[in-house]
>>> print(open('work-v6.cif').read())   # mmCIF, C-alpha atoms
data_structure
loop_
_atom_site.group_PDB
_atom_site.id
_atom_site.type_symbol
_atom_site.label_atom_id
_atom_site.label_comp_id
_atom_site.auth_asym_id
_atom_site.auth_seq_id
_atom_site.Cartn_x
_atom_site.Cartn_y
_atom_site.Cartn_z
ATOM 1 C CA MET U 357 -48.383 -37.933 65.306
ATOM 2 C CA SER U 358 -46.015 -35.348 63.895
ATOM 3 C CA LEU U 359 -44.595 -35.191 60.384
ATOM 4 C CA ARG U 360 -41.238 -36.235 61.810
ATOM 5 C CA THR U 361 -42.750 -39.362 63.384
ATOM 6 C CA LEU U 362 -44.682 -40.306 60.253
ATOM 7 C CA LEU U 363 -41.537 -39.860 58.192
ATOM 8 C CA HIS U 364 -40.125 -42.943 59.883
ATOM 9 C CA LEU U 365 -43.398 -44.891 59.930
ATOM 10 C CA ALA U 366 -44.181 -44.509 56.229
ATOM 11 C CA PRO U 367 -41.054 -45.081 54.114
ATOM 12 C CA HIS U 368 -41.496 -44.712 50.381
ATOM 13 C CA PRO U 369 -38.855 -45.159 47.683
ATOM 14 C CA ASN U 370 -37.854 -42.247 45.501
ATOM 15 C CA PRO U 371 -38.893 -42.397 41.844
ATOM 16 C CA ALA U 372 -36.315 -43.490 39.276
ATOM 17 C CA VAL U 373 -34.616 -40.283 38.166
ATOM 18 C CA ASP U 374 -31.140 -39.162 37.213
ATOM 19 C CA PRO U 375 -28.975 -39.889 40.317
ATOM 20 C CA ALA U 376 -26.877 -36.777 39.707
ATOM 21 C CA LYS U 377 -30.000 -34.637 39.613
ATOM 22 C CA SER U 378 -31.331 -36.159 42.823
ATOM 23 C CA ALA U 379 -28.064 -36.047 44.738
ATOM 24 C CA ALA U 380 -28.565 -35.232 48.443
ATOM 25 C CA LEU U 381 -32.358 -35.026 48.021
ATOM 26 C CA SER U 382 -34.790 -37.608 49.346
ATOM 27 C CA TRP U 383 -38.346 -37.685 50.587
ATOM 28 C CA ARG U 384 -41.104 -39.859 52.014
ATOM 29 C CA ILE U 385 -44.816 -39.716 51.194
ATOM 30 C CA PHE U 386 -47.810 -40.199 53.465
ATOM 31 C CA ASP U 387 -51.394 -39.023 53.853
ATOM 32 C CA ARG U 388 -53.224 -37.354 56.730
ATOM 33 C CA GLU U 389 -56.717 -36.128 57.510
ATOM 34 C CA ASP U 390 -56.679 -32.349 57.546
ATOM 35 C CA HIS U 391 -58.144 -32.066 61.051
ATOM 36 C CA SER U 392 -55.248 -34.083 62.505
ATOM 37 C CA LEU U 393 -52.530 -31.541 61.681
ATOM 38 C CA ASN U 394 -51.013 -29.785 64.683
ATOM 39 C CA GLY U 395 -49.890 -26.164 64.957
ATOM 40 C CA GLU U 396 -46.305 -26.759 63.832
ATOM 41 C CA GLU U 397 -47.445 -28.768 60.825
ATOM 42 C CA ASP U 398 -49.955 -26.067 59.927
ATOM 43 C CA GLN U 399 -47.180 -23.462 59.999
ATOM 44 C CA HIS U 400 -44.876 -25.545 57.778
ATOM 45 C CA LEU U 401 -47.655 -26.199 55.274
ATOM 46 C CA ARG U 402 -48.741 -22.562 55.110
ATOM 47 C CA HIS U 403 -45.148 -21.528 54.457
ATOM 48 C CA LEU U 404 -44.947 -23.856 51.446
ATOM 49 C CA LEU U 405 -48.332 -22.645 50.178
ATOM 50 C CA ARG U 406 -47.365 -18.975 50.562
ATOM 51 C CA VAL U 407 -44.133 -19.474 48.635
ATOM 52 C CA SER U 408 -45.873 -21.497 45.939
ATOM 53 C CA PHE U 409 -48.863 -19.143 45.555
ATOM 54 C CA PRO U 410 -47.524 -15.674 46.448
ATOM 55 C CA PHE U 411 -50.564 -13.903 44.984
ATOM 56 C CA GLU U 412 -52.982 -15.604 47.371
ATOM 57 C CA LYS U 413 -53.046 -13.813 50.728
ATOM 58 C CA ALA U 414 -55.333 -16.389 52.361
ATOM 59 C CA PHE U 415 -52.359 -18.681 52.984
ATOM 60 C CA SER U 416 -50.911 -16.105 55.357
ATOM 61 C CA PHE U 417 -53.493 -17.067 57.957
ATOM 62 C CA ARG U 418 -54.965 -20.438 56.914
ATOM 63 C CA ARG U 419 -53.928 -23.582 55.031
ATOM 64 C CA TYR U 420 -56.667 -23.585 52.388
ATOM 65 C CA LEU U 421 -57.970 -21.285 49.684
ATOM 66 C CA LYS U 422 -61.778 -21.528 49.835
ATOM 67 C CA ASN U 423 -62.655 -24.703 51.750
ATOM 68 C CA PRO U 424 -60.249 -27.028 53.585
ATOM 69 C CA PRO U 425 -59.658 -30.381 51.892
ATOM 70 C CA GLU U 426 -60.608 -33.376 54.006
ATOM 71 C CA TYR U 427 -57.374 -35.180 53.196
ATOM 72 C CA ARG U 428 -53.805 -34.208 52.383
ATOM 73 C CA TRP U 429 -50.819 -35.975 50.873
ATOM 74 C CA PHE U 430 -47.343 -34.816 51.819
ATOM 75 C CA ALA U 431 -43.768 -35.398 50.811
ATOM 76 C CA VAL U 432 -41.287 -34.595 53.564
ATOM 77 C CA ASP U 433 -37.515 -34.492 53.614
ATOM 78 C CA PRO U 434 -35.364 -36.401 56.154
ATOM 79 C CA GLU U 435 -35.638 -33.466 58.593
ATOM 80 C CA GLY U 436 -39.433 -33.619 58.499
ATOM 81 C CA HIS U 437 -39.926 -30.481 56.389
ATOM 82 C CA ILE U 438 -42.785 -30.485 53.895
ATOM 83 C CA VAL U 439 -41.426 -30.299 50.338
ATOM 84 C CA ALA U 440 -44.601 -31.112 48.376
ATOM 85 C CA HIS U 441 -48.330 -31.243 48.986
ATOM 86 C CA VAL U 442 -51.628 -32.297 47.396
ATOM 87 C CA GLY U 443 -55.029 -31.572 48.953
ATOM 88 C CA VAL U 444 -57.997 -33.865 48.269
ATOM 89 C CA HIS U 445 -61.654 -32.814 48.551
ATOM 90 C CA ILE U 446 -64.434 -35.380 48.307
ATOM 91 C CA LYS U 447 -66.913 -33.450 46.150
ATOM 92 C CA THR U 448 -70.424 -34.262 44.964
ATOM 93 C CA LEU U 449 -71.023 -32.490 41.662
ATOM 94 C CA GLY U 450 -74.250 -31.814 39.835
ATOM 95 C CA THR U 451 -74.418 -33.087 36.255
ATOM 96 C CA ALA U 452 -77.064 -33.653 33.592
ATOM 97 C CA LEU U 453 -77.064 -37.337 34.560
ATOM 98 C CA GLY U 454 -77.386 -36.717 38.291
ATOM 99 C CA GLU U 455 -74.926 -36.449 41.136
ATOM 100 C CA LEU U 456 -71.300 -37.474 40.633
ATOM 101 C CA THR U 457 -68.697 -37.900 43.382
ATOM 102 C CA VAL U 458 -65.123 -36.934 42.493
ATOM 103 C CA GLY U 459 -61.817 -36.429 44.227
ATOM 104 C CA GLY U 460 -61.070 -32.730 43.903
ATOM 105 C CA ILE U 461 -57.311 -32.155 43.722
ATOM 106 C CA SER U 462 -56.239 -28.797 45.122
ATOM 107 C CA GLU U 463 -53.312 -26.648 46.231
ATOM 108 C CA VAL U 464 -50.746 -28.807 44.466
ATOM 109 C CA CYS U 465 -47.258 -27.493 45.145
ATOM 110 C CA VAL U 466 -43.652 -28.637 45.189
ATOM 111 C CA LYS U 467 -40.730 -26.815 46.779
ATOM 112 C CA SER U 468 -38.606 -25.221 44.051
ATOM 113 C CA ASP U 469 -35.469 -27.340 44.505
ATOM 114 C CA TYR U 470 -37.540 -30.552 44.405
ATOM 115 C CA ARG U 471 -39.273 -29.780 41.113
ATOM 116 C CA GLY U 472 -38.547 -31.834 38.007
ATOM 117 C CA ARG U 473 -37.756 -34.974 40.027
ATOM 118 C CA GLY U 474 -41.027 -36.874 39.638
ATOM 119 C CA ILE U 475 -42.294 -36.022 43.104
ATOM 120 C CA LEU U 476 -45.676 -34.676 41.919
ATOM 121 C CA LYS U 477 -46.315 -37.769 39.812
ATOM 122 C CA GLU U 478 -45.450 -39.905 42.821
ATOM 123 C CA LEU U 479 -47.835 -37.957 45.066
ATOM 124 C CA LEU U 480 -50.695 -38.305 42.586
ATOM 125 C CA GLY U 481 -49.774 -41.950 42.138
ATOM 126 C CA SER U 482 -50.548 -42.383 45.848
ATOM 127 C CA VAL U 483 -53.790 -40.397 45.726
ATOM 128 C CA HIS U 484 -55.349 -42.208 42.754
ATOM 129 C CA PRO U 485 -55.413 -45.752 44.241
ATOM 130 C CA TRP U 486 -56.833 -44.305 47.473
ATOM 131 C CA LEU U 487 -59.701 -42.708 45.538
ATOM 132 C CA ARG U 488 -60.233 -45.821 43.439
ATOM 133 C CA ALA U 489 -60.471 -47.987 46.567
ATOM 134 C CA ARG U 490 -63.338 -45.754 47.696
ATOM 135 C CA GLN U 491 -65.102 -46.242 44.364
ATOM 136 C CA ILE U 492 -64.634 -42.618 43.362
ATOM 137 C CA PRO U 493 -64.650 -42.721 39.546
ATOM 138 C CA PHE U 494 -62.744 -39.520 38.733
ATOM 139 C CA ALA U 495 -60.171 -37.107 40.086
ATOM 140 C CA LEU U 496 -60.765 -33.495 39.032
ATOM 141 C CA LEU U 497 -58.340 -30.590 39.131
ATOM 142 C CA PHE U 498 -57.665 -27.195 37.609
ATOM 143 C CA GLY U 499 -54.127 -26.994 36.309
ATOM 144 C CA GLN U 500 -51.720 -26.814 33.397
ATOM 145 C CA PRO U 501 -52.252 -29.738 30.983
ATOM 146 C CA PRO U 502 -48.534 -30.275 30.208
ATOM 147 C CA ILE U 503 -47.852 -30.878 33.899
ATOM 148 C CA TYR U 504 -50.643 -33.381 34.533
ATOM 149 C CA ARG U 505 -50.878 -35.344 31.279
ATOM 150 C CA SER U 506 -48.140 -37.746 32.362
ATOM 151 C CA SER U 507 -50.303 -38.685 35.366
ATOM 152 C CA GLY U 508 -53.220 -39.543 33.082
ATOM 153 C CA TYR U 509 -55.214 -36.304 33.262
ATOM 154 C CA LEU U 510 -57.352 -35.219 30.317
ATOM 155 C CA GLN U 511 -58.648 -31.724 29.703
ATOM 156 C CA ILE U 512 -62.438 -31.375 29.692
ATOM 157 C CA TYR U 513 -64.534 -28.701 28.026
ATOM 158 C CA ASN U 514 -67.803 -28.835 29.974
ATOM 159 C CA PRO U 515 -69.314 -25.522 31.093
ATOM 160 C CA ILE U 516 -68.439 -25.366 34.797
ATOM 161 C CA GLN U 517 -70.490 -23.525 37.398
ATOM 162 C CA SER U 518 -69.165 -22.464 40.794
ATOM 163 C CA THR U 519 -70.142 -20.027 43.501
ATOM 164 C CA ASN U 520 -67.025 -17.942 42.901
ATOM 165 C CA GLY U 521 -67.091 -17.955 39.090
ATOM 166 C CA LEU U 522 -63.816 -19.930 38.980
ATOM 167 C CA ALA U 523 -61.931 -16.868 40.162
ATOM 168 C CA ARG U 524 -58.395 -18.212 40.518
ATOM 169 C CA HIS U 525 -56.415 -15.004 40.748
ATOM 170 C CA TRP U 526 -53.529 -16.764 42.510
ATOM 171 C CA ASN U 527 -52.925 -18.900 39.420
ATOM 172 C CA PRO U 528 -51.166 -16.851 36.719
ATOM 173 C CA PHE U 529 -51.413 -19.802 34.316
ATOM 174 C CA CYS U 530 -55.243 -19.974 34.396
ATOM 175 C CA GLY U 531 -55.650 -23.636 35.248
ATOM 176 C CA LYS U 532 -57.743 -25.748 32.892
ATOM 177 C CA PRO U 533 -60.294 -28.288 34.188
ATOM 178 C CA MET U 534 -58.869 -31.801 33.873
ATOM 179 C CA ILE U 535 -60.013 -35.262 34.937
ATOM 180 C CA LYS U 536 -58.265 -38.518 35.698
ATOM 181 C CA PRO U 537 -60.543 -41.524 35.010
ATOM 182 C CA LEU U 538 -60.312 -44.029 37.857
ATOM 183 C CA SER U 539 -62.959 -46.496 36.635
ATOM 184 C CA ASP U 540 -64.857 -47.461 33.491
ATOM 185 C CA HIS U 541 -67.420 -44.694 34.068
ATOM 186 C CA THR U 542 -67.931 -42.207 31.238
ATOM 187 C CA TRP U 543 -67.463 -38.538 32.055
ATOM 188 C CA PRO U 544 -70.829 -36.794 31.554
ATOM 189 C CA ALA U 545 -71.523 -34.239 28.841
ATOM 190 C CA GLY U 546 -73.115 -30.896 29.635
ATOM 191 C CA ALA U 547 -72.714 -28.441 32.470
ATOM 192 C CA ILE U 548 -70.899 -29.395 35.671
ATOM 193 C CA ASP U 549 -71.982 -27.697 38.897
ATOM 194 C CA LEU U 550 -69.262 -27.684 41.568
ATOM 195 C CA ARG U 551 -71.923 -26.835 44.164
ATOM 196 C CA GLY U 552 -69.525 -24.501 45.864
ATOM 197 C CA PRO U 553 -66.344 -22.579 45.114
ATOM 198 C CA SER U 554 -63.575 -23.790 42.856
ATOM 199 C CA PHE U 555 -60.695 -25.666 44.476
#
>>> encode(input="work-v6.cif", output="structure tokens")
Amino acid sequence: MSLRTLLHLAPHPNPAVDPAKSAALSWRIFDREDHSLNGEEDQHLRHLLRVSFPFEKAFSFRRYLKNPPEYRWFAVDPEGHIVAHVGVHIKTLGTALGELTVGGISEVCVKSDYRGRGILKELLGSVHPWLRARQIPFALLFGQPPIYRSSGYLQIYNPIQSTNGLARHWNPFCGKPMIKPLSDHTWPAGAIDLRGPSF
């Protein structure tokens, strides 16, 4: 199915924001498996990623930075254009207490004229219950704490190992590692091994 078709199949109310600020803007949210995107959808997504992360050349020819996320959440406007996106990796990390499965949040972006309207919080608010239903105890991302605190993310200070040394040259704000607890599990102390590149 195309984004335009799913727009009508998956209605979702807009968050409560200032009506004057949201005038003439609306969106719907849905999720898709990455492998199900068609060529047109890939092109639309890569355009949003290129505009959002202009320093990362990879988005000129693919829709992911290091590894493709298995799942994606989108917000689309009434014409079917993607206006916001969140990628979700199912990652098994190495910790001092053993393996830990997390939802790795990646390539979060919102079209400029849709920012400040609660759309990112709404997207994450759709991702978190999906992860929780799969008994995944934490979401993990690298981002700016002031942006994600309102969605329940907490900065962590574990030493983090990755195959690319956390090289995030496309992010001028140097994203901090943050977690969102989704269960009563305690986040482990000590080093965290991403067992692959950062996301």
>>> resolve_selection(input="work-v6.cif", expression="the PyMOL selection byres ((chain U and resi 435-439) around 12)", output="JSON, numbers by chain")
{"U": [358, 359, 360, 361, 362, 363, 364, 381, 382, 383, 384, 385, 386, 396, 397, 398, 399, 400, 401, 402, 403, 404, 405, 407, 408, 428, 429, 430, 431, 432, 433, 434, 440, 441, 442, 464, 465, 466, 467, 468, 469, 470, 471, 473, 475, 476, 479]}
>>> write_last_selection(input="work-v6.cif", atoms="C-alpha atoms", output="PDB file, keeping the file's coordinate frame")
ATOM      1  CA  SER U 358     -46.015 -35.348  63.895  1.00  0.00           C
ATOM      2  CA  LEU U 359     -44.595 -35.191  60.384  1.00  0.00           C
ATOM      3  CA  ARG U 360     -41.238 -36.235  61.810  1.00  0.00           C
ATOM      4  CA  THR U 361     -42.750 -39.362  63.384  1.00  0.00           C
ATOM      5  CA  LEU U 362     -44.682 -40.306  60.253  1.00  0.00           C
ATOM      6  CA  LEU U 363     -41.537 -39.860  58.192  1.00  0.00           C
ATOM      7  CA  HIS U 364     -40.125 -42.943  59.883  1.00  0.00           C
ATOM      8  CA  LEU U 381     -32.358 -35.026  48.021  1.00  0.00           C
ATOM      9  CA  SER U 382     -34.790 -37.608  49.346  1.00  0.00           C
ATOM     10  CA  TRP U 383     -38.346 -37.685  50.587  1.00  0.00           C
ATOM     11  CA  ARG U 384     -41.104 -39.859  52.014  1.00  0.00           C
ATOM     12  CA  ILE U 385     -44.816 -39.716  51.194  1.00  0.00           C
ATOM     13  CA  PHE U 386     -47.810 -40.199  53.465  1.00  0.00           C
ATOM     14  CA  GLU U 396     -46.305 -26.759  63.832  1.00  0.00           C
ATOM     15  CA  GLU U 397     -47.445 -28.768  60.825  1.00  0.00           C
ATOM     16  CA  ASP U 398     -49.955 -26.067  59.927  1.00  0.00           C
ATOM     17  CA  GLN U 399     -47.180 -23.462  59.999  1.00  0.00           C
ATOM     18  CA  HIS U 400     -44.876 -25.545  57.778  1.00  0.00           C
ATOM     19  CA  LEU U 401     -47.655 -26.199  55.274  1.00  0.00           C
ATOM     20  CA  ARG U 402     -48.741 -22.562  55.110  1.00  0.00           C
ATOM     21  CA  HIS U 403     -45.148 -21.528  54.457  1.00  0.00           C
ATOM     22  CA  LEU U 404     -44.947 -23.856  51.446  1.00  0.00           C
ATOM     23  CA  LEU U 405     -48.332 -22.645  50.178  1.00  0.00           C
ATOM     24  CA  VAL U 407     -44.133 -19.474  48.635  1.00  0.00           C
ATOM     25  CA  SER U 408     -45.873 -21.497  45.939  1.00  0.00           C
ATOM     26  CA  ARG U 428     -53.805 -34.208  52.383  1.00  0.00           C
ATOM     27  CA  TRP U 429     -50.819 -35.975  50.873  1.00  0.00           C
ATOM     28  CA  PHE U 430     -47.343 -34.816  51.819  1.00  0.00           C
ATOM     29  CA  ALA U 431     -43.768 -35.398  50.811  1.00  0.00           C
ATOM     30  CA  VAL U 432     -41.287 -34.595  53.564  1.00  0.00           C
ATOM     31  CA  ASP U 433     -37.515 -34.492  53.614  1.00  0.00           C
ATOM     32  CA  PRO U 434     -35.364 -36.401  56.154  1.00  0.00           C
ATOM     33  CA  ALA U 440     -44.601 -31.112  48.376  1.00  0.00           C
ATOM     34  CA  HIS U 441     -48.330 -31.243  48.986  1.00  0.00           C
ATOM     35  CA  VAL U 442     -51.628 -32.297  47.396  1.00  0.00           C
ATOM     36  CA  VAL U 464     -50.746 -28.807  44.466  1.00  0.00           C
ATOM     37  CA  CYS U 465     -47.258 -27.493  45.145  1.00  0.00           C
ATOM     38  CA  VAL U 466     -43.652 -28.637  45.189  1.00  0.00           C
ATOM     39  CA  LYS U 467     -40.730 -26.815  46.779  1.00  0.00           C
ATOM     40  CA  SER U 468     -38.606 -25.221  44.051  1.00  0.00           C
ATOM     41  CA  ASP U 469     -35.469 -27.340  44.505  1.00  0.00           C
ATOM     42  CA  TYR U 470     -37.540 -30.552  44.405  1.00  0.00           C
ATOM     43  CA  ARG U 471     -39.273 -29.780  41.113  1.00  0.00           C
ATOM     44  CA  ARG U 473     -37.756 -34.974  40.027  1.00  0.00           C
ATOM     45  CA  ILE U 475     -42.294 -36.022  43.104  1.00  0.00           C
ATOM     46  CA  LEU U 476     -45.676 -34.676  41.919  1.00  0.00           C
ATOM     47  CA  LEU U 479     -47.835 -37.957  45.066  1.00  0.00           C
TER      48      LEU U 479
END
>>> residues_around(input="work-v6.cif", residues="range 487-491 of chain U", least_positions_apart="5", cutoff="9 Å", atoms="only C-alpha atoms", output="list in words")
Val458, Gly459, Leu538 and Ser539 of chain U
>>> write_last_selection(input="work-v6.cif", atoms="C-alpha atoms", output="PDB file, keeping the file's coordinate frame")
ATOM      1  CA  VAL U 458     -65.123 -36.934  42.493  1.00  0.00           C
ATOM      2  CA  GLY U 459     -61.817 -36.429  44.227  1.00  0.00           C
ATOM      3  CA  LEU U 538     -60.312 -44.029  37.857  1.00  0.00           C
ATOM      4  CA  SER U 539     -62.959 -46.496  36.635  1.00  0.00           C
TER       5      SER U 539
END
>>> atom_distance(input="work-v6.cif", atom1="CA of Leu456 in chain U", atom2="CA of Lys536 in chain U")
14.0 Å
>>> atom_distance(input="work-v6.cif", atom1="CA of Ser462 in chain U", atom2="CA of Arg406 in chain U")
14.3 Å
>>> closest_residue(input="work-v6.cif", among="U:Pro533, U:Gly443, U:Pro553, U:Pro493", to="Tyr420 in chain U", atoms="all atoms listed in the file")
U:Gly443
>>> resolve_selection(input="work-v6.cif", expression="the PyMOL selection byres ((chain U and resi 426) around 10)", output="list of chain:residue names")
U:Arg388, U:Glu389, U:Asp390, U:His391, U:Asn423, U:Pro424, U:Pro425, U:Tyr427, U:Arg428, U:Gly443, U:Val444, U:His445, U:Ile446
>>> resolve_selection(input="work-v6.cif", expression="the PyMOL selection byres ((chain U and resi 451) around 9)", output="short mmCIF file (atom, residue, chain, number, x, y, z; two decimals) with C-alpha atoms, in the frame of the given file")
data_model
loop_
_atom_site.label_atom_id
_atom_site.label_comp_id
_atom_site.auth_asym_id
_atom_site.auth_seq_id
_atom_site.Cartn_x
_atom_site.Cartn_y
_atom_site.Cartn_z
CA LEU U 449 -71.02 -32.49 41.66
CA GLY U 450 -74.25 -31.81 39.84
CA ALA U 452 -77.06 -33.65 33.59
CA LEU U 453 -77.06 -37.34 34.56
CA GLY U 454 -77.39 -36.72 38.29
CA GLU U 455 -74.93 -36.45 41.14
CA LEU U 456 -71.30 -37.47 40.63
CA PRO U 544 -70.83 -36.79 31.55
CA ALA U 545 -71.52 -34.24 28.84
CA GLY U 546 -73.11 -30.90 29.64
CA ALA U 547 -72.71 -28.44 32.47
CA ILE U 548 -70.90 -29.40 35.67
CA ASP U 549 -71.98 -27.70 38.90
#
>>> residues_near_point(input="work-v6.cif", point="(-57.1, -24.4, 32.5)", cutoff="9 Å", atoms="only C-alpha atoms", output="ChimeraX atom specification")
/U:498-501,511,529-534
>>> closest_residue(input="work-v6.cif", among="U:Leu480, U:Leu421, U:Ile512, U:Leu550", to="Thr448 in chain U", atoms="all atoms listed in the file")
U:Leu550
>>> closest_residue(input="work-v6.cif", among="U:Ile492, U:Gly395, U:Lys477, U:Phe409", to="His541 in chain U", atoms="all atoms listed in the file")
U:Ile492
